[in-house]
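Shown below: input_5.txt, with compact mmCIF, C-alpha atoms and all ligand atoms.
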```
# COMPACT_ATOMS: atom_id res chain seq x y z
CA MET A 636 6.54 -40.53 5.45
CA LEU A 637 8.47 -37.45 4.44
CA ARG A 638 11.18 -37.59 1.83
CA ILE A 639 13.28 -34.88 0.18
CA HIS A 640 14.55 -35.41 -3.36
CA ALA A 641 17.46 -33.26 -4.55
CA VAL A 642 16.74 -32.88 -8.26
CA GLY A 643 18.93 -29.94 -9.28
CA GLY A 644 21.10 -27.20 -7.79
CA TYR A 645 22.94 -29.47 -5.38
CA ASN A 646 26.01 -29.89 -7.63
CA GLU A 647 26.09 -26.37 -9.06
CA VAL A 648 24.79 -22.81 -8.74
CA GLY A 649 21.83 -23.18 -11.06
CA LYS A 650 18.95 -25.42 -12.25
CA ASN A 651 17.37 -25.40 -8.80
CA MET A 652 14.72 -28.02 -8.24
CA THR A 653 13.72 -29.92 -5.10
CA CYS A 654 10.85 -32.33 -4.54
CA ILE A 655 9.15 -32.84 -1.18
CA GLU A 656 7.21 -36.07 -0.81
CA VAL A 657 4.67 -36.12 1.99
CA ASP A 658 2.84 -39.45 2.34
CA ASP A 659 0.88 -39.97 -0.88
CA GLU A 660 1.44 -36.45 -2.21
CA ALA A 661 4.41 -34.42 -3.41
CA ILE A 662 5.33 -30.89 -4.45
CA ILE A 663 8.14 -29.44 -6.54
CA LEU A 664 10.03 -26.36 -5.39
CA ASP A 665 11.58 -24.31 -8.22
CA MET A 666 12.37 -25.49 -11.74
CA GLY A 667 15.37 -23.56 -13.00
CA LEU A 668 17.96 -23.35 -15.75
CA TYR A 669 21.69 -23.84 -15.38
CA MET A 670 22.54 -20.51 -16.99
CA ASP A 671 26.09 -21.36 -17.99
CA ARG A 672 25.01 -24.43 -19.96
CA PHE A 673 21.94 -22.62 -21.27
CA VAL A 674 24.08 -19.80 -22.67
CA ALA A 675 26.34 -22.41 -24.28
CA VAL A 676 23.32 -24.03 -25.99
CA GLN A 677 22.01 -20.63 -27.10
CA GLU A 678 25.32 -19.87 -28.76
CA LYS A 679 25.16 -23.08 -30.76
CA ASN A 680 21.99 -21.75 -32.41
CA ILE A 681 20.34 -25.15 -32.31
CA GLU A 682 16.71 -26.04 -31.65
CA MET A 683 15.94 -25.78 -27.95
CA ASP A 684 13.82 -28.70 -26.88
CA TYR A 685 13.58 -30.74 -23.72
CA GLU A 686 15.94 -33.50 -24.91
CA THR A 687 18.63 -31.10 -26.12
CA LEU A 688 18.57 -29.06 -22.93
CA LEU A 689 18.63 -32.17 -20.77
CA GLY A 690 21.50 -33.62 -22.80
CA GLU A 691 23.43 -30.37 -22.44
CA ASP A 692 22.82 -30.29 -18.67
CA ALA A 693 20.97 -26.96 -18.95
CA ILE A 694 17.81 -28.16 -17.12
CA PRO A 695 17.40 -30.43 -14.07
CA ASN A 696 17.36 -34.17 -14.64
CA ASP A 697 14.11 -35.21 -12.98
CA ALA A 698 14.62 -38.97 -13.41
CA VAL A 699 14.85 -39.28 -9.63
CA ILE A 700 11.17 -38.34 -9.29
CA GLU A 701 9.92 -40.04 -12.44
CA ASN A 702 7.78 -42.51 -10.47
CA LEU A 703 6.28 -39.69 -8.37
CA LYS A 704 4.78 -37.85 -11.32
CA LYS A 705 1.19 -38.68 -10.40
CA LYS A 706 1.70 -37.59 -6.80
CA ILE A 707 2.89 -34.07 -7.67
CA LYS A 708 0.24 -31.55 -6.60
CA ALA A 709 1.99 -28.27 -7.42
CA ILE A 710 5.14 -26.60 -8.68
CA ILE A 711 5.91 -23.76 -6.29
CA VAL A 712 8.51 -21.18 -7.22
CA THR A 713 10.30 -18.65 -5.04
CA HIS A 714 11.17 -15.81 -7.41
CA ALA A 715 11.55 -14.71 -11.02
CA HIS A 716 15.20 -15.58 -11.69
CA LEU A 717 15.73 -18.03 -14.53
CA ASP A 718 17.79 -20.41 -12.40
CA HIS A 719 14.54 -20.91 -10.45
CA ILE A 720 11.79 -20.67 -13.08
CA GLY A 721 13.54 -20.97 -16.46
CA ALA A 722 12.99 -24.71 -16.95
CA ILE A 723 9.20 -24.50 -16.50
CA ARG A 724 8.92 -23.71 -20.19
CA TRP A 725 10.31 -27.12 -21.11
CA MET A 726 9.36 -29.28 -18.10
CA GLY A 727 6.30 -27.66 -16.53
CA LYS A 728 3.74 -29.46 -18.66
CA LYS A 729 5.16 -32.88 -17.78
CA TYR A 730 3.52 -32.41 -14.42
CA ARG A 731 -0.21 -31.96 -14.61
CA CYS A 732 -0.47 -29.48 -11.76
CA PRO A 733 -0.60 -25.74 -11.13
CA VAL A 734 2.45 -23.50 -10.94
CA VAL A 735 2.18 -21.28 -7.86
CA ALA A 736 4.14 -18.02 -7.60
CA THR A 737 4.01 -14.43 -6.35
CA PRO A 738 2.46 -11.94 -8.81
CA TYR A 739 5.73 -10.60 -10.28
CA THR A 740 7.13 -14.10 -10.72
CA ALA A 741 3.85 -15.21 -12.33
CA GLU A 742 4.02 -12.23 -14.70
CA VAL A 743 7.53 -13.23 -15.81
CA ILE A 744 6.52 -16.91 -16.20
CA LYS A 745 3.61 -15.84 -18.41
CA LYS A 746 6.11 -14.26 -20.77
CA HIS A 747 8.84 -16.89 -20.56
CA ALA A 748 6.76 -20.07 -20.50
CA LYS A 749 3.86 -19.13 -22.72
CA GLY A 750 2.17 -22.54 -22.80
CA ILE A 751 1.69 -22.75 -19.03
CA GLU A 752 -2.01 -22.24 -18.36
CA ASN A 753 -2.49 -23.27 -14.77
CA LEU A 754 -0.66 -20.41 -13.09
CA ILE A 755 -1.73 -19.32 -9.62
CA SER A 756 -0.60 -15.99 -8.24
CA ILE A 757 -0.23 -15.57 -4.45
CA ASN A 758 0.79 -12.37 -2.71
CA VAL A 759 3.88 -12.32 -0.52
CA ASN A 760 3.16 -12.87 3.15
CA SER A 761 0.15 -15.05 2.40
CA SER A 762 -0.55 -18.76 2.16
CA TYR A 763 -1.85 -21.27 -0.35
CA LYS A 764 -3.45 -24.56 0.58
CA ILE A 765 -2.21 -27.20 -1.82
CA SER A 766 -4.17 -30.07 -0.31
CA LYS A 767 -5.63 -31.19 2.99
CA ASN A 768 -2.15 -32.06 4.17
CA ILE A 769 0.15 -29.46 2.62
CA GLU A 770 0.03 -25.69 2.88
CA VAL A 771 2.66 -23.26 1.63
CA GLU A 772 3.37 -19.81 2.95
CA PHE A 773 5.21 -17.19 0.84
CA ILE A 774 7.28 -15.18 3.32
CA ASN A 775 8.51 -11.89 1.88
CA VAL A 776 12.28 -11.54 1.55
CA THR A 777 14.69 -9.08 -0.03
CA HIS A 778 16.75 -10.43 -2.93
CA SER A 779 17.53 -8.87 -6.32
CA VAL A 780 14.20 -9.25 -8.08
CA PRO A 781 10.77 -8.07 -6.85
CA GLN A 782 8.50 -10.23 -4.69
CA SER A 783 10.95 -12.95 -3.74
CA ALA A 784 9.92 -15.39 -1.04
CA ILE A 785 11.14 -17.92 1.45
CA LEU A 786 8.67 -20.79 1.38
CA ASN A 787 7.36 -22.41 4.53
CA ILE A 788 5.73 -25.74 3.80
CA ARG A 789 3.42 -26.90 6.55
CA THR A 790 3.08 -30.66 6.91
CA ARG A 791 1.96 -32.96 9.70
CA TYR A 792 5.63 -33.80 10.28
CA GLY A 793 6.57 -30.17 10.91
CA ASN A 794 7.51 -27.12 8.88
CA ILE A 795 9.95 -27.24 5.99
CA VAL A 796 11.56 -23.88 5.30
CA TYR A 797 12.96 -23.47 1.79
CA ALA A 798 15.23 -20.45 2.03
CA LEU A 799 17.16 -19.96 -1.18
CA ASP A 800 18.06 -16.59 -2.67
CA TYR A 801 17.36 -14.07 0.05
CA LYS A 802 19.19 -11.52 2.09
CA ASN A 803 18.30 -9.54 5.15
CA ASP A 804 18.29 -6.01 3.71
CA ASN A 805 17.36 -3.45 6.33
CA HIS A 806 17.23 -0.60 3.80
CA PRO A 807 15.65 -1.99 0.62
CA THR A 808 15.27 0.51 -2.22
CA LEU A 809 12.19 -1.27 -3.61
CA GLY A 810 9.62 -3.39 -1.80
CA ARG A 811 9.47 -4.45 1.81
CA LYS A 812 12.09 -5.79 4.21
CA THR A 813 12.59 -9.49 4.83
CA ASN A 814 9.77 -10.61 7.12
CA ILE A 815 11.97 -11.57 10.07
CA LYS A 816 9.01 -11.28 12.42
CA LYS A 817 7.23 -14.07 10.59
CA LEU A 818 10.35 -16.23 10.52
CA LYS A 819 10.72 -15.76 14.26
CA LYS A 820 7.16 -16.98 14.78
CA LEU A 821 7.75 -20.28 12.98
CA ASP A 822 8.14 -23.13 15.38
CA ASP A 823 8.55 -26.85 14.87
CA VAL A 824 10.88 -26.46 11.89
CA LEU A 825 11.73 -29.97 10.81
CA LEU A 826 14.04 -28.93 7.98
CA LEU A 827 15.78 -25.83 6.66
CA ILE A 828 16.84 -26.03 3.02
CA ALA A 829 19.44 -23.29 2.97
CA ASP A 830 21.13 -21.07 0.38
CA SER A 831 24.83 -21.96 0.27
CA THR A 832 25.85 -19.50 -2.47
CA ASN A 833 27.68 -17.14 -0.12
CA ALA A 834 28.10 -19.46 2.87
CA ASP A 835 31.86 -18.99 2.65
CA GLU A 836 31.68 -15.17 2.63
CA GLU A 837 32.48 -14.14 6.19
CA ARG A 838 30.31 -11.05 6.52
CA LYS A 839 26.77 -9.75 6.38
CA THR A 840 25.54 -9.04 2.85
CA PHE A 841 25.14 -5.30 2.46
CA SER A 842 21.94 -3.49 1.62
CA GLU A 843 20.91 -2.56 -1.91
CA TYR A 844 21.13 0.99 -0.63
CA ILE A 845 24.94 0.62 -0.70
CA ALA A 846 24.87 -0.22 -4.42
CA LYS A 847 22.82 2.91 -5.02
CA GLU A 848 25.47 4.98 -3.21
CA MET A 849 28.26 3.30 -5.21
CA LEU A 850 26.56 4.30 -8.45
CA HIS A 851 26.01 7.80 -7.14
CA ASP A 852 29.68 8.09 -6.20
CA ILE A 853 30.86 7.27 -9.71
CA VAL A 854 28.28 9.16 -11.70
CA MET A 855 28.33 12.34 -9.62
CA GLY A 856 31.85 12.24 -8.27
CA MET A 857 34.00 11.73 -11.36
CA GLU A 858 35.00 13.64 -14.46
CA LEU A 859 32.29 12.31 -16.75
CA GLY A 860 32.01 15.62 -18.62
CA GLU A 861 30.33 15.23 -21.99
CA HIS A 862 31.29 11.57 -22.37
CA GLY A 863 28.87 8.75 -22.96
CA LEU A 864 27.58 6.78 -19.97
CA PHE A 865 26.62 3.14 -20.39
CA ILE A 866 25.39 1.06 -17.47
CA THR A 867 24.62 -2.63 -17.53
CA THR A 868 23.17 -4.90 -14.86
CA PHE A 869 20.97 -7.98 -14.53
CA SER A 870 17.80 -7.13 -16.47
CA SER A 871 15.56 -8.49 -13.72
CA HIS A 872 17.17 -6.32 -11.04
CA ILE A 873 14.35 -3.76 -10.91
CA ALA A 874 15.63 -2.14 -7.69
CA ARG A 875 19.02 -1.52 -9.30
CA LEU A 876 17.37 -0.09 -12.41
CA LYS A 877 15.42 2.23 -10.14
CA SER A 878 18.71 3.45 -8.62
CA ILE A 879 20.13 4.01 -12.11
CA LEU A 880 17.05 6.05 -12.94
CA HIS A 881 17.68 8.07 -9.79
CA VAL A 882 21.30 8.91 -10.67
CA SER A 883 20.32 9.71 -14.27
CA LYS A 884 17.95 12.31 -12.90
CA LEU A 885 20.64 13.83 -10.67
CA LEU A 886 22.89 14.01 -13.70
CA GLY A 887 20.19 15.68 -15.78
CA ARG A 888 20.39 13.00 -18.45
CA LYS A 889 17.51 10.97 -19.86
CA PRO A 890 17.64 7.23 -19.11
CA VAL A 891 17.24 4.95 -22.13
CA PHE A 892 16.77 1.23 -21.50
CA ILE A 893 17.86 -0.82 -24.50
CA GLY A 894 17.30 -4.55 -25.03
CA ARG A 895 14.62 -7.19 -25.09
CA SER A 896 15.09 -8.67 -21.63
CA LEU A 897 15.17 -5.21 -20.00
CA HIS A 898 11.94 -4.45 -21.82
CA ASP A 899 10.32 -7.69 -20.64
CA TYR A 900 11.26 -7.46 -16.95
CA ILE A 901 10.38 -3.75 -16.76
CA THR A 902 7.05 -4.34 -18.50
CA ALA A 903 6.22 -7.10 -15.99
CA ALA A 904 6.96 -4.68 -13.13
CA GLU A 905 4.97 -1.89 -14.75
CA ASN A 906 2.00 -4.18 -15.35
CA LEU A 907 1.83 -4.68 -11.59
CA LYS A 908 2.42 -0.98 -10.93
CA LEU A 909 5.61 -1.69 -8.99
CA VAL A 910 7.46 0.97 -11.00
CA ASN A 911 6.78 3.43 -13.79
CA PHE A 912 10.05 3.70 -15.70
CA SER A 913 8.40 4.56 -19.02
CA LYS A 914 7.24 7.85 -17.55
CA GLU A 915 10.78 9.04 -16.85
CA GLY A 916 12.80 7.23 -19.46
CA GLU A 917 12.59 5.53 -22.79
CA ILE A 918 12.52 1.80 -23.39
CA ILE A 919 13.80 0.43 -26.69
CA LYS A 920 12.95 -3.24 -27.04
CA ASN A 921 14.65 -3.96 -30.33
CA ALA A 922 17.86 -2.00 -30.87
CA GLY A 923 18.23 -3.33 -34.41
CA ARG A 924 14.96 -1.68 -35.41
CA ALA A 925 15.73 1.68 -33.78
CA GLU A 926 18.65 2.67 -35.96
CA LYS A 927 17.49 6.20 -36.71
CA LYS A 928 16.76 6.95 -33.08
CA LEU A 929 20.07 5.49 -31.91
CA ARG A 930 21.97 7.48 -34.51
CA THR A 931 20.46 10.72 -33.18
CA MET A 932 21.22 9.67 -29.61
CA ASN A 933 24.78 8.81 -30.60
CA ARG A 934 25.30 12.39 -31.76
CA ASN A 935 24.08 13.73 -28.41
CA LYS A 936 25.39 11.11 -26.00
CA ASN A 937 25.78 13.63 -23.18
CA ASP A 938 21.98 13.96 -23.00
CA TYR A 939 21.48 10.30 -22.10
CA VAL A 940 22.30 7.43 -19.77
CA PHE A 941 22.22 4.20 -21.77
CA ILE A 942 21.12 1.20 -19.72
CA VAL A 943 21.85 -1.84 -21.85
CA THR A 944 21.59 -5.62 -21.71
CA GLY A 945 24.72 -7.75 -21.83
CA SER A 946 26.32 -7.53 -18.38
CA MET A 947 27.58 -11.11 -18.78
CA GLY A 948 28.96 -10.48 -22.27
CA GLU A 949 26.14 -12.45 -23.91
CA LYS A 950 26.77 -12.63 -27.66
CA ASN A 951 23.36 -11.33 -28.74
CA ALA A 952 22.98 -8.65 -26.09
CA VAL A 953 23.05 -4.92 -26.76
CA LEU A 954 26.42 -4.12 -25.16
CA THR A 955 28.15 -6.78 -27.26
CA LYS A 956 26.47 -5.43 -30.40
CA ILE A 957 27.56 -1.89 -29.56
CA VAL A 958 31.15 -3.00 -29.01
CA ASN A 959 31.09 -4.97 -32.25
CA GLU A 960 29.80 -1.86 -34.04
CA ASP A 961 26.63 -3.59 -35.15
CA LEU A 962 24.45 -0.68 -33.99
CA ALA A 963 24.26 3.04 -34.67
CA LEU A 964 25.11 3.70 -31.03
CA LYS A 965 28.91 3.63 -30.52
CA ILE A 966 31.47 3.70 -27.76
CA SER A 967 34.01 6.52 -27.97
CA PRO A 968 37.28 6.86 -26.03
CA PHE A 969 36.74 7.74 -22.34
CA ASP A 970 33.06 6.85 -22.32
CA PHE A 971 32.07 5.35 -18.95
CA ILE A 972 30.99 1.70 -18.88
CA ILE A 973 29.61 0.66 -15.50
CA PHE A 974 29.08 -3.02 -14.77
CA SER A 975 26.58 -2.89 -11.91
CA CYS A 976 26.78 -6.62 -11.37
CA GLU A 977 29.12 -9.43 -10.47
CA VAL A 978 30.25 -12.02 -12.99
CA ILE A 979 28.48 -15.36 -12.51
CA PRO A 980 31.46 -17.62 -11.74
CA THR A 981 30.90 -20.28 -14.38
CA PRO A 982 33.21 -20.99 -17.35
CA VAL A 983 31.20 -19.94 -20.44
CA ILE A 984 29.92 -16.75 -18.82
CA GLN A 985 33.36 -15.79 -17.49
CA ALA A 986 34.90 -16.30 -20.94
CA ASN A 987 32.21 -14.20 -22.67
CA ARG A 988 32.67 -11.40 -20.20
CA LYS A 989 36.45 -11.42 -20.62
CA ILE A 990 36.14 -11.07 -24.39
CA LEU A 991 33.75 -8.14 -23.96
CA GLU A 992 36.10 -6.36 -21.56
CA GLN A 993 39.06 -6.78 -23.92
CA LYS A 994 37.08 -5.19 -26.73
CA LEU A 995 36.06 -2.32 -24.44
CA HIS A 996 39.70 -1.74 -23.52
CA ARG A 997 40.60 -1.52 -27.19
CA LYS A 998 37.99 1.22 -27.53
CA LYS A 999 39.64 3.08 -24.62
CA ALA A 1000 36.46 3.02 -22.54
CA ARG A 1001 36.70 3.72 -18.80
CA ILE A 1002 35.50 0.55 -17.11
CA PHE A 1003 33.93 0.28 -13.66
CA LYS A 1004 33.42 -3.30 -12.52
CA ASP A 1005 31.56 -4.94 -9.63
CA ILE A 1006 29.52 -1.85 -8.73
CA HIS A 1007 27.25 -4.24 -6.98
CA VAL A 1008 26.05 -5.86 -3.79
CA SER A 1009 24.92 -9.46 -3.79
CA GLY A 1010 21.33 -10.60 -3.34
CA HIS A 1011 22.42 -13.67 -1.39
CA ALA A 1012 22.83 -14.00 2.36
CA SER A 1013 26.41 -14.34 3.61
CA ARG A 1014 27.72 -16.59 6.34
CA GLU A 1015 26.70 -14.39 9.27
CA ASP A 1016 23.19 -13.83 7.85
CA LEU A 1017 22.85 -17.60 7.51
CA ARG A 1018 23.99 -18.05 11.09
CA ASP A 1019 21.20 -15.67 12.16
CA LEU A 1020 18.67 -17.64 10.10
CA ILE A 1021 19.64 -20.93 11.75
CA LYS A 1022 19.47 -19.24 15.15
CA ILE A 1023 16.01 -17.82 14.40
CA LEU A 1024 14.51 -21.02 12.99
CA GLN A 1025 16.22 -23.65 15.17
CA PRO A 1026 15.59 -26.35 12.56
CA ARG A 1027 15.93 -30.01 13.49
CA HIS A 1028 17.70 -30.73 10.19
CA ILE A 1029 19.62 -28.63 7.67
CA LEU A 1030 20.04 -29.37 3.97
CA PRO A 1031 22.50 -27.05 2.19
CA ALA A 1032 21.43 -26.24 -1.39
CA HIS A 1033 22.16 -23.79 -4.25
CA GLY A 1034 25.81 -24.64 -4.78
CA ASP A 1035 28.50 -27.13 -5.64
CA LEU A 1036 30.15 -29.28 -3.01
CA ALA A 1037 32.55 -26.52 -1.91
CA LYS A 1038 29.60 -24.25 -1.14
CA THR A 1039 27.29 -26.84 0.43
CA ALA A 1040 30.21 -28.11 2.55
CA SER A 1041 30.83 -24.56 3.73
CA MET A 1042 27.19 -24.30 4.79
CA ALA A 1043 27.48 -27.68 6.54
CA ALA A 1044 30.58 -26.43 8.38
CA LEU A 1045 28.64 -23.38 9.57
CA ALA A 1046 25.91 -25.69 10.86
CA GLY A 1047 28.66 -27.73 12.54
CA GLU A 1048 29.82 -24.60 14.37
CA MET A 1049 26.26 -24.29 15.67
CA GLY A 1050 26.10 -27.80 17.10
CA TYR A 1051 24.77 -29.77 14.13
CA GLU A 1052 26.42 -32.96 12.97
CA LEU A 1053 27.06 -34.00 9.38
CA GLY A 1054 25.17 -37.17 8.49
CA LYS A 1055 22.98 -36.89 11.58
CA ASN A 1056 21.12 -33.61 11.19
CA VAL A 1057 23.07 -31.85 8.42
CA HIS A 1058 22.76 -33.62 5.09
CA ILE A 1059 24.77 -33.07 1.95
CA LEU A 1060 22.98 -34.41 -1.10
CA GLN A 1061 24.01 -34.59 -4.74
CA ASN A 1062 21.58 -34.14 -7.62
CA GLY A 1063 19.54 -37.32 -7.92
CA GLN A 1064 19.81 -38.31 -4.25
CA SER A 1065 17.03 -38.45 -1.67
CA ILE A 1066 16.69 -38.50 2.08
CA LYS A 1067 13.89 -39.71 4.34
CA LEU A 1068 13.29 -37.53 7.37
CA ALA A 1069 10.12 -39.05 8.81
ZN ZN B 1 17.78 -15.41 -7.39
```
Take the structure I supplied and represent it as structure tokens, if you would.
Ligand SMILES: [Zn+2]
Amino acid sequence: MLRIHAVGGYNEVGKNMTCIEVDDEAIILDMGLYMDRFVAVQEKNIEMDYETLLGEDAIPNDAVIENLKKKIKAIIVTHAHLDHIGAIRWMGKKYRCPVVATPYTAEVIKKHAKGIENLISINVNSSYKISKNIEVEFINVTHSVPQSAILNIRTRYGNIVYALDYKNDNHPTLGRKTNIKKLKKLDDVLLLIADSTNADEERKTFSEYIAKEMLHDIVMGMELGEHGLFITTFSSHIARLKSILHVSKLLGRKPVFIGRSLHDYITAAENLKLVNFSKEGEIIKNAGRAEKKLRTMNRNKNDYVFIVTGSMGEKNAVLTKIVNEDLALKISPFDFIIFSCEVIPTPVIQANRKILEQKLHRKKARIFKDIHVSGHASREDLRDLIKILQPRHILPAHGDLAKTASMAALAGEMGYELGKNVHILQNGQSIKLA
């Protein structure tokens, strides 16, 4: 018997969690936060416990697998983004089993979910035997955080490929390319669980190299002069931070990373020797405690590139504090503010970002938005993936109905049939495939 339980991430972009039940065993894939709801809870300044987060819809509702608890052999996670690992902190211990992840992801979990003891670290492009009947392979992919993986779960019913959050980047600026060779070798794919985030974007997702060139074009090709330069991006996007470091060097300015989450993600990468940003730049974890230093930097802004947290307009992040004049570092007219990110299209985050931009306009800053390429495969990449894997069934995931339906339509173009071998599930629903 093989059954798939859609726990989270099938009604929204966020709180990803899927359970695969194979005979008398089961595994959980990802355990993430719904960032929009999580940010809303954070802003209420209330105690964050399991019940509150569940009530606020910020973590997956795992009622659908409540009676499988004893069967769960492992929680396997694909990469270090919080919409894939963020709920482990509150839900991980419910399941008495190991959490299995690639080294960078494990490093981030150690920091984020401190109480989790049974954490197993597996290199990309290697396998982990969960039991006699289930083995999982971490296939290296490019995304927007180091050491991301597509999971291949080997069972006696065939392979299940869990391919969320990846793109096929032929010119990655950090780490290795997506292991297409390995994907091509997989046969007998019973099911592909596919990333629907960009299934309606009719293109190939561009390389991270393009984002690096976009940054270069602004920083080196415009009249920056002596003005301040502030850049913000997703704190976990180590490849992007590396590109920012690169353009800082070309500009002859010293990069200064400011903010707790930047500090944490960079430290995790440095612990594994993936990068060495501290050698070339400065990292300030707590801006509130660095007043003297920031005041000096503020007087000599043209010596620095300030890389700050707060790309989504989060209320407690550094960029918001700077704009609100809560720090010694200020924004002056005509300073450059580069948003090297997209805005996550969910209501609370969009509203926060809008407020931040309005305040920046009032300060007469020069704003550069969407200096970014996505980490998610687009429609034509997904078509390639289906072609390569030739799965017997497809289950669209990582999106609301509009996105999963778009993925199902793509499968339809390739000869699949909705209800027969393409399945749209909602959170809390299950499907038996063998
Ligand atoms: Zn991701």
Would you write out, as a Markdown table, a table of all residues in segment 655-735 of chain A that have an atom no more than 10 Å from an atom of segment 1047-1064 of chain A, listing for each the closest atom pair and the distance in Å to one decimal, considering all atoms listed in the file and ordering rows by chain and rising residue number?
```
| residue | atom | partner | partner_atom | distance |
| --- | --- | --- | --- | --- |
| A:Pro695 | CA | A:Asn1062 | CA | 8.5 |
| A:Asn696 | CA | A:Gly1063 | CA | 7.7 |
| A:Asp697 | CA | A:Gly1063 | CA | 7.7 |
| A:Ala698 | CA | A:Gly1063 | CA | 7.6 |
| A:Val699 | CA | A:Gly1063 | CA | 5.4 |
| A:Ile700 | CA | A:Gly1063 | CA | 8.5 |
```
| request: Kindly work out which residues sit at most 8 Å from ligand ZN 1 (chain B), using only C-alpha atoms and all ligand atoms, and give the list as a PyMOL selection string. | output: chain A and resi 714-719+778-780+799-801+1010-1011
Could those residues be written to a file, using C-alpha atoms, as a PDB file, keeping the file's coordinate frame?
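Output saved as again.pdb:
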```pdb
ATOM      1  CA  HIS A 714      11.170 -15.810  -7.410  1.00  0.00           C
ATOM      2  CA  ALA A 715      11.550 -14.710 -11.020  1.00  0.00           C
ATOM      3  CA  HIS A 716      15.200 -15.580 -11.690  1.00  0.00           C
ATOM      4  CA  LEU A 717      15.730 -18.030 -14.530  1.00  0.00           C
ATOM      5  CA  ASP A 718      17.790 -20.410 -12.400  1.00  0.00           C
ATOM      6  CA  HIS A 719      14.540 -20.910 -10.450  1.00  0.00           C
ATOM      7  CA  HIS A 778      16.750 -10.430  -2.930  1.00  0.00           C
ATOM      8  CA  SER A 779      17.530  -8.870  -6.320  1.00  0.00           C
ATOM      9  CA  VAL A 780      14.200  -9.250  -8.080  1.00  0.00           C
ATOM     10  CA  LEU A 799      17.160 -19.960  -1.180  1.00  0.00           C
ATOM     11  CA  ASP A 800      18.060 -16.590  -2.670  1.00  0.00           C
ATOM     12  CA  TYR A 801      17.360 -14.070   0.050  1.00  0.00           C
ATOM     13  CA  GLY A1010      21.330 -10.600  -3.340  1.00  0.00           C
ATOM     14  CA  HIS A1011      22.420 -13.670  -1.390  1.00  0.00           C
TER      15      HIS A1011
END
```
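Here atom CA of Asp659 of chain A stands at a distance of 20.0 Å from atom CA of Val735 of chain A.
Closest approach to Ile815 of chain A among A:Val891, A:Leu929, A:Leu1024, A:Ile879: A:Leu1024, based on only C-alpha atoms.
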| Using all atoms listed in the file, which residue out of A:Ile757, A:Val796, A:Ala903, A:Ala952 lies closest to Ile1029 of chain A? | A:Val796
Box time for segment 954-965 of chain A: axis-aligned, enclosing all its listed atoms, 6 Å extra on each side; report centre and edge lengths in Å to one decimal, as AutoDock Vina command-line options.
```
--center_x 27.7 --center_y -1.5 --center_z -30.2 --size_x 18.9 --size_y 22.5 --size_z 22.0
```
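Closest approach to Ala922 of chain A from the set A:Asn937, A:Asn906, A:Ser896, A:Asn680 is made by A:Ser896, with distances taken over all atoms listed in the file.
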| query | Within 9 Å of (13.1, -1.7, -29.9), only C-alpha atoms: residues as a PyMOL selection string? | reply | chain A and resi 893-895+898+918-925
Could you write out the selected residues, including C-alpha atoms, as a PDB file, in the coordinates of the input?
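Generated file (result-v4.pdb):
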```pdb
ATOM      1  CA  ILE A 893      17.860  -0.820 -24.500  1.00  0.00           C
ATOM      2  CA  GLY A 894      17.300  -4.550 -25.030  1.00  0.00           C
ATOM      3  CA  ARG A 895      14.620  -7.190 -25.090  1.00  0.00           C
ATOM      4  CA  HIS A 898      11.940  -4.450 -21.820  1.00  0.00           C
ATOM      5  CA  ILE A 918      12.520   1.800 -23.390  1.00  0.00           C
ATOM      6  CA  ILE A 919      13.800   0.430 -26.690  1.00  0.00           C
ATOM      7  CA  LYS A 920      12.950  -3.240 -27.040  1.00  0.00           C
ATOM      8  CA  ASN A 921      14.650  -3.960 -30.330  1.00  0.00           C
ATOM      9  CA  ALA A 922      17.860  -2.000 -30.870  1.00  0.00           C
ATOM     10  CA  GLY A 923      18.230  -3.330 -34.410  1.00  0.00           C
ATOM     11  CA  ARG A 924      14.960  -1.680 -35.410  1.00  0.00           C
ATOM     12  CA  ALA A 925      15.730   1.680 -33.780  1.00  0.00           C
TER      13      ALA A 925
END
```
Excluding Lys889 of chain A and its own-chain neighbours fewer than 5 positions away, which residues fall within 7 Å of it when counting only C-alpha atoms? Please give them as a CSV table (one decimal) with C-alpha atoms, in the frame of the given file.
```
chain,number,residue,atom,x,y,z
A,883,SER,CA,20.3,9.7,-14.3
A,916,GLY,CA,12.8,7.2,-19.5
A,938,ASP,CA,22.0,14.0,-23.0
A,939,TYR,CA,21.5,10.3,-22.1
A,940,VAL,CA,22.3,7.4,-19.8
```
| query | Which distance in Å separates atom CA of Ala784 of chain A and atom CA of Ile720 of chain A, to one decimal? | reply | 13.3 Å
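Summary of the local environment: counting all atoms listed in the file, residues at most 9 Å from Glu915 of chain A, other than itself and those fewer than 5 positions away along its chain, are Leu880, Lys884, Lys889 and Pro890 of chain A.
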Please write the residues from the selection above to a file, keeping C-alpha atoms, as a PDB file, in the frame of the given file.
```pdb
ATOM      1  CA  LEU A 880      17.050   6.050 -12.940  1.00  0.00           C
ATOM      2  CA  LYS A 884      17.950  12.310 -12.900  1.00  0.00           C
ATOM      3  CA  LYS A 889      17.510  10.970 -19.860  1.00  0.00           C
ATOM      4  CA  PRO A 890      17.640   7.230 -19.110  1.00  0.00           C
TER       5      PRO A 890
END
```
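The closest residue to Ser913 of chain A, picked from A:Phe892, A:Lys928, A:Glu960, A:Gln985 and counting only C-alpha atoms, is A:Phe892.
Interatomic distance, atom CA of Ile711 of chain A against atom CA of Arg731 of chain A: 13.2 Å.
Among the candidates A:His851, A:Lys650, A:Lys706, A:Lys812, the one nearest to Ile694 of chain A when counting all atoms listed in the file is A:Lys650.
For the residues A:Glu926, A:Leu864, A:Glu686, A:Lys908, ranking by smallest atom-to-atom distance to Val882 of chain A using only C-alpha atoms places A:Leu864 first.
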